[in-house]
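Structure record follows, encoded as structure tokens.
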Amino acid sequence: MSVAEDIGGLKAAGPWIEKANPTFTVLIDEQHTVASIYGMVNVPTAVWIDEKGRIVRPNETAFIDNRFKSMHGIDAAPYLDALRDWLARGEKSPYALTPAQLRARLRRPTADHRLADAYFQMAQHLARTGHNQDAIPHFKMAQKLQPESWNYKRQAWLLADPDKDYGTNFAKEVKALGDKPYYPPLDLSGPKNAP
């Protein structure tokens, strides 16, 4: 299953979904509920959930192919191989985390993250109701409280003039990272290493 997160709903996400021509279910999350629940701060991100509804791997960078590899340098093959292994072997897969491993990898939200989410929800509400300019201070506060959330930045910037209203833009923010990667490295290792 895939979830498109965009306040613009079907109008904004629909053309992308149609172009991808998926053979699986795609939902559109206009309120970023999935990102909020699972602590997602960037896309593409995946969470593995088994048939019992148990999280097997927490949110992590997940590319389905290498079309953007030249931009970020991440090879999709290791992740896809791990996913296929889990689909074939279930909990016996070395990539299926134990509950203890999962707890160690989960990033628990801080008080600032929870407050950032509240500001982001308010900003989205204001934008949905036609008050884009009133939404900007709330988007800014969400970004200030959780600066690692690229989801907050991208959604805010789509609804405004990033340079004029935020004093920055996507390219400037990526450049400001310096040596820090835009996507955190994928960790497929652990006590249950792949054979």
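Residues in the structure tokens are numbered from 1 in each chain, the chains being A, B, ... in the order shown, and ligands are numbered from 1 in the order shown.
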Just the residues within 10 Å of Thr98 (chain A), please, counting only C-alpha atoms, with nothing from its chain fewer than 2 positions along; format it as a PDB file with N, CA and C atoms, in the first residue's frame.
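The result, stored in out26.pdb:
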ATOM      1  N   ILE A  55       4.288  -3.664  13.749  1.00  0.00           N
ATOM      2  CA  ILE A  55       5.369  -3.024  12.996  1.00  0.00           C
ATOM      3  C   ILE A  55       6.588  -3.934  13.056  1.00  0.00           C
ATOM      4  N   VAL A  56       7.137  -4.236  11.890  1.00  0.00           N
ATOM      5  CA  VAL A  56       8.303  -5.106  11.775  1.00  0.00           C
ATOM      6  C   VAL A  56       9.568  -4.280  11.579  1.00  0.00           C
ATOM      7  N   ARG A  57       9.447  -3.191  10.846  1.00  0.00           N
ATOM      8  CA  ARG A  57      10.549  -2.229  10.688  1.00  0.00           C
ATOM      9  C   ARG A  57       9.939  -0.844  10.781  1.00  0.00           C
ATOM     10  N   GLU A  91       8.548 -13.590   9.578  1.00  0.00           N
ATOM     11  CA  GLU A  91       9.351 -13.286  10.775  1.00  0.00           C
ATOM     12  C   GLU A  91      10.682 -14.037  10.808  1.00  0.00           C
ATOM     13  N   PRO A  94      15.911 -12.331   8.163  1.00  0.00           N
ATOM     14  CA  PRO A  94      16.862 -11.604   9.003  1.00  0.00           C
ATOM     15  C   PRO A  94      16.595 -10.101   9.030  1.00  0.00           C
ATOM     16  N   TYR A  95      15.729  -9.616   8.161  1.00  0.00           N
ATOM     17  CA  TYR A  95      15.419  -8.189   8.107  1.00  0.00           C
ATOM     18  C   TYR A  95      14.206  -7.828   8.969  1.00  0.00           C
ATOM     19  N   ALA A  96      13.494  -8.852   9.439  1.00  0.00           N
ATOM     20  CA  ALA A  96      12.364  -8.608  10.340  1.00  0.00           C
ATOM     21  C   ALA A  96      12.937  -8.391  11.733  1.00  0.00           C
ATOM     22  N   ALA A 100      12.625  -6.135  20.512  1.00  0.00           N
ATOM     23  CA  ALA A 100      13.678  -5.358  21.174  1.00  0.00           C
ATOM     24  C   ALA A 100      14.441  -4.494  20.166  1.00  0.00           C
ATOM     25  N   GLN A 101      14.756  -5.075  19.004  1.00  0.00           N
ATOM     26  CA  GLN A 101      15.442  -4.302  17.965  1.00  0.00           C
ATOM     27  C   GLN A 101      14.565  -3.153  17.485  1.00  0.00           C
ATOM     28  N   LEU A 102      13.282  -3.422  17.340  1.00  0.00           N
ATOM     29  CA  LEU A 102      12.351  -2.387  16.892  1.00  0.00           C
ATOM     30  C   LEU A 102      12.310  -1.237  17.893  1.00  0.00           C
ATOM     31  N   ARG A 103      12.186  -1.574  19.180  1.00  0.00           N
ATOM     32  CA  ARG A 103      12.157  -0.525  20.212  1.00  0.00           C
ATOM     33  C   ARG A 103      13.423   0.323  20.165  1.00  0.00           C
ATOM     34  N   ALA A 104      14.559  -0.317  19.926  1.00  0.00           N
ATOM     35  CA  ALA A 104      15.830   0.414  19.882  1.00  0.00           C
ATOM     36  C   ALA A 104      15.892   1.376  18.693  1.00  0.00           C
ATOM     37  N   PRO A 191      21.697  -7.893  14.779  1.00  0.00           N
ATOM     38  CA  PRO A 191      21.999  -9.235  15.237  1.00  0.00           C
ATOM     39  C   PRO A 191      21.472 -10.330  14.318  1.00  0.00           C
ATOM     40  N   LYS A 192      20.402 -10.014  13.562  1.00  0.00           N
ATOM     41  CA  LYS A 192      19.849 -11.011  12.641  1.00  0.00           C
ATOM     42  C   LYS A 192      20.319 -10.705  11.234  1.00  0.00           C
TER      43      LYS A 192
END
Item to complete: Do a neighbour search on Glu148 (chain A) at 12 Å with only C-alpha atoms, toss out local chain neighbours closer than 3 positions, and write the hits as a list of chain:residue names.
Response: A:Gly39, A:Met40, A:Val41, A:Asn42, A:Asp112, A:His113, A:Ala116, A:Ala142, A:Gln143, A:Lys144, A:Leu145, A:Asn151, A:Tyr152, A:Lys153, A:Arg154, A:Glu173, A:Val174, A:Leu177, A:Lys180, A:Pro181, A:Tyr182, A:Tyr183, A:Pro184
Item to complete: Rank nothing, just name the residue among A:Ala35, A:Ile7, A:Asp75, A:Gly178 nearest to Leu158 (chain A), using only C-alpha atoms.
Response: A:Ile7
Practice prompt. Excluding Met1 (chain A) and residues on its chain fewer than 5 positions from it, collect all residues at most 12 Å away from it, counting only C-alpha atoms, and give them as a VMD selection string.
Written response: chain A and resid 22 to 28 46 to 49
Discussion item. For a quick check of understanding, using only C-alpha atoms, which of A:Ser189, A:Gln146, A:Asn59, A:Thr45 has the smallest distance to Phe120 (chain A)?
Written reply: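 Among A:Ser189, A:Gln146, A:Asn59, A:Thr45, it is A:Gln146 that comes nearest to Phe120 (chain A).
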Item to complete: In Å, rounded to a single decimal, give me how far CA of Met141 (chain A) is from CA of Leu126 (chain A).
Response: 14.1 Å
Test item: residues at most 12 Å from Leu80 (chain A), only C-alpha atoms, excluding those fewer than 5 positions along its chain, as a PDB file with N, CA and C atoms, in the first residue's frame:
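This is the output file part-v2.pdb:
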ATOM      1  N   ALA A  46       9.076   4.128   4.218  1.00  0.00           N
ATOM      2  CA  ALA A  46       8.239   2.930   4.342  1.00  0.00           C
ATOM      3  C   ALA A  46       8.273   2.418   5.767  1.00  0.00           C
ATOM      4  N   THR A  61      14.020   5.278   4.897  1.00  0.00           N
ATOM      5  CA  THR A  61      14.069   5.647   3.486  1.00  0.00           C
ATOM      6  C   THR A  61      13.865   4.405   2.633  1.00  0.00           C
ATOM      7  N   ALA A  62      12.991   4.509   1.629  1.00  0.00           N
ATOM      8  CA  ALA A  62      12.667   3.340   0.819  1.00  0.00           C
ATOM      9  C   ALA A  62      12.389   3.749  -0.624  1.00  0.00           C
ATOM     10  N   PHE A  63      13.346   3.490  -1.489  1.00  0.00           N
ATOM     11  CA  PHE A  63      13.155   3.768  -2.911  1.00  0.00           C
ATOM     12  C   PHE A  63      12.734   2.492  -3.628  1.00  0.00           C
ATOM     13  N   ILE A  64      11.839   2.624  -4.595  1.00  0.00           N
ATOM     14  CA  ILE A  64      11.379   1.454  -5.339  1.00  0.00           C
ATOM     15  C   ILE A  64      12.199   1.199  -6.598  1.00  0.00           C
ATOM     16  N   ASP A  65      13.041   2.151  -6.965  1.00  0.00           N
ATOM     17  CA  ASP A  65      13.922   1.986  -8.119  1.00  0.00           C
ATOM     18  C   ASP A  65      15.041   3.012  -8.023  1.00  0.00           C
ATOM     19  N   ASN A  66      15.878   3.055  -9.040  1.00  0.00           N
ATOM     20  CA  ASN A  66      17.053   3.932  -8.999  1.00  0.00           C
ATOM     21  C   ASN A  66      16.921   5.180  -9.868  1.00  0.00           C
ATOM     22  N   ILE A  74      21.617   6.732  -3.380  1.00  0.00           N
ATOM     23  CA  ILE A  74      21.122   5.536  -2.695  1.00  0.00           C
ATOM     24  C   ILE A  74      20.696   4.491  -3.725  1.00  0.00           C
ATOM     25  N   ASP A  75      21.260   3.297  -3.606  1.00  0.00           N
ATOM     26  CA  ASP A  75      20.897   2.182  -4.464  1.00  0.00           C
ATOM     27  C   ASP A  75      19.674   1.501  -3.855  1.00  0.00           C
ATOM     28  N   ASP A  85      12.788 -10.569   0.742  1.00  0.00           N
ATOM     29  CA  ASP A  85      13.124 -11.641   1.676  1.00  0.00           C
ATOM     30  C   ASP A  85      12.080 -11.717   2.785  1.00  0.00           C
ATOM     31  N   TRP A  86      11.701 -10.567   3.328  1.00  0.00           N
ATOM     32  CA  TRP A  86      10.693 -10.549   4.390  1.00  0.00           C
ATOM     33  C   TRP A  86       9.347 -11.048   3.870  1.00  0.00           C
ATOM     34  N   LEU A  87       8.973 -10.640   2.664  1.00  0.00           N
ATOM     35  CA  LEU A  87       7.699 -11.095   2.099  1.00  0.00           C
ATOM     36  C   LEU A  87       7.686 -12.612   1.926  1.00  0.00           C
ATOM     37  N   TYR A  95      15.729  -9.616   8.161  1.00  0.00           N
ATOM     38  CA  TYR A  95      15.419  -8.189   8.107  1.00  0.00           C
ATOM     39  C   TYR A  95      14.206  -7.828   8.969  1.00  0.00           C
ATOM     40  N   LEU A 186      20.466   3.858   5.220  1.00  0.00           N
ATOM     41  CA  LEU A 186      19.616   2.712   5.544  1.00  0.00           C
ATOM     42  C   LEU A 186      20.425   1.685   6.326  1.00  0.00           C
ATOM     43  N   LEU A 188      20.375  -1.982   7.341  1.00  0.00           N
ATOM     44  CA  LEU A 188      19.800  -3.317   7.188  1.00  0.00           C
ATOM     45  C   LEU A 188      20.563  -4.349   8.019  1.00  0.00           C
TER      46      LEU A 188
END
Worksheet item: Distance CA of Ala12 (chain A)-CA of Ser70 (chain A), one decimal place?
Response: 25.8 Å
Fill in: Length of the CA of Arg107 (chain A) to CA of Arg54 (chain A) vector [Å]
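Between these atoms lies a distance of 16.4 Å.
Candidate residues A:Gln155, A:Asn21, A:Thr110, A:Thr168 were compared for distance to Gln124 (chain A), and the nearest is A:Gln155, using only C-alpha atoms.
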Item to complete: Could you find all residues in region 36-172 of chain A that DSSP calls strand (DSSP E) from the backbone, and write them as a PyMOL selection string?
Response: chain A and resi 45-49+55-61
Residues from last step as file, C-alpha atoms, as a PDB file, in the first residue's frame:
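Once written, result.pdb looks like this:
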ATOM      1  CA  THR A  45       9.532   6.414   3.567  1.00  0.00           C
ATOM      2  CA  ALA A  46       8.239   2.930   4.342  1.00  0.00           C
ATOM      3  CA  VAL A  47       7.073   1.039   7.403  1.00  0.00           C
ATOM      4  CA  TRP A  48       6.802  -2.745   7.371  1.00  0.00           C
ATOM      5  CA  ILE A  49       3.648  -3.992   9.080  1.00  0.00           C
ATOM      6  CA  ILE A  55       5.369  -3.024  12.996  1.00  0.00           C
ATOM      7  CA  VAL A  56       8.303  -5.106  11.775  1.00  0.00           C
ATOM      8  CA  ARG A  57      10.549  -2.229  10.688  1.00  0.00           C
ATOM      9  CA  PRO A  58      10.045   1.422  11.636  1.00  0.00           C
ATOM     10  CA  ASN A  59       9.956   4.184   9.055  1.00  0.00           C
ATOM     11  CA  GLU A  60      13.062   4.342   6.900  1.00  0.00           C
ATOM     12  CA  THR A  61      14.069   5.647   3.486  1.00  0.00           C
TER      13      THR A  61
END
Discussion item. My list of candidates is A:Ala20, A:Met71, A:Ala127, A:Ala156. Which is closest to Lys140 (chain A) when distances are computed with only C-alpha atoms?
Written reply: A:Ala156
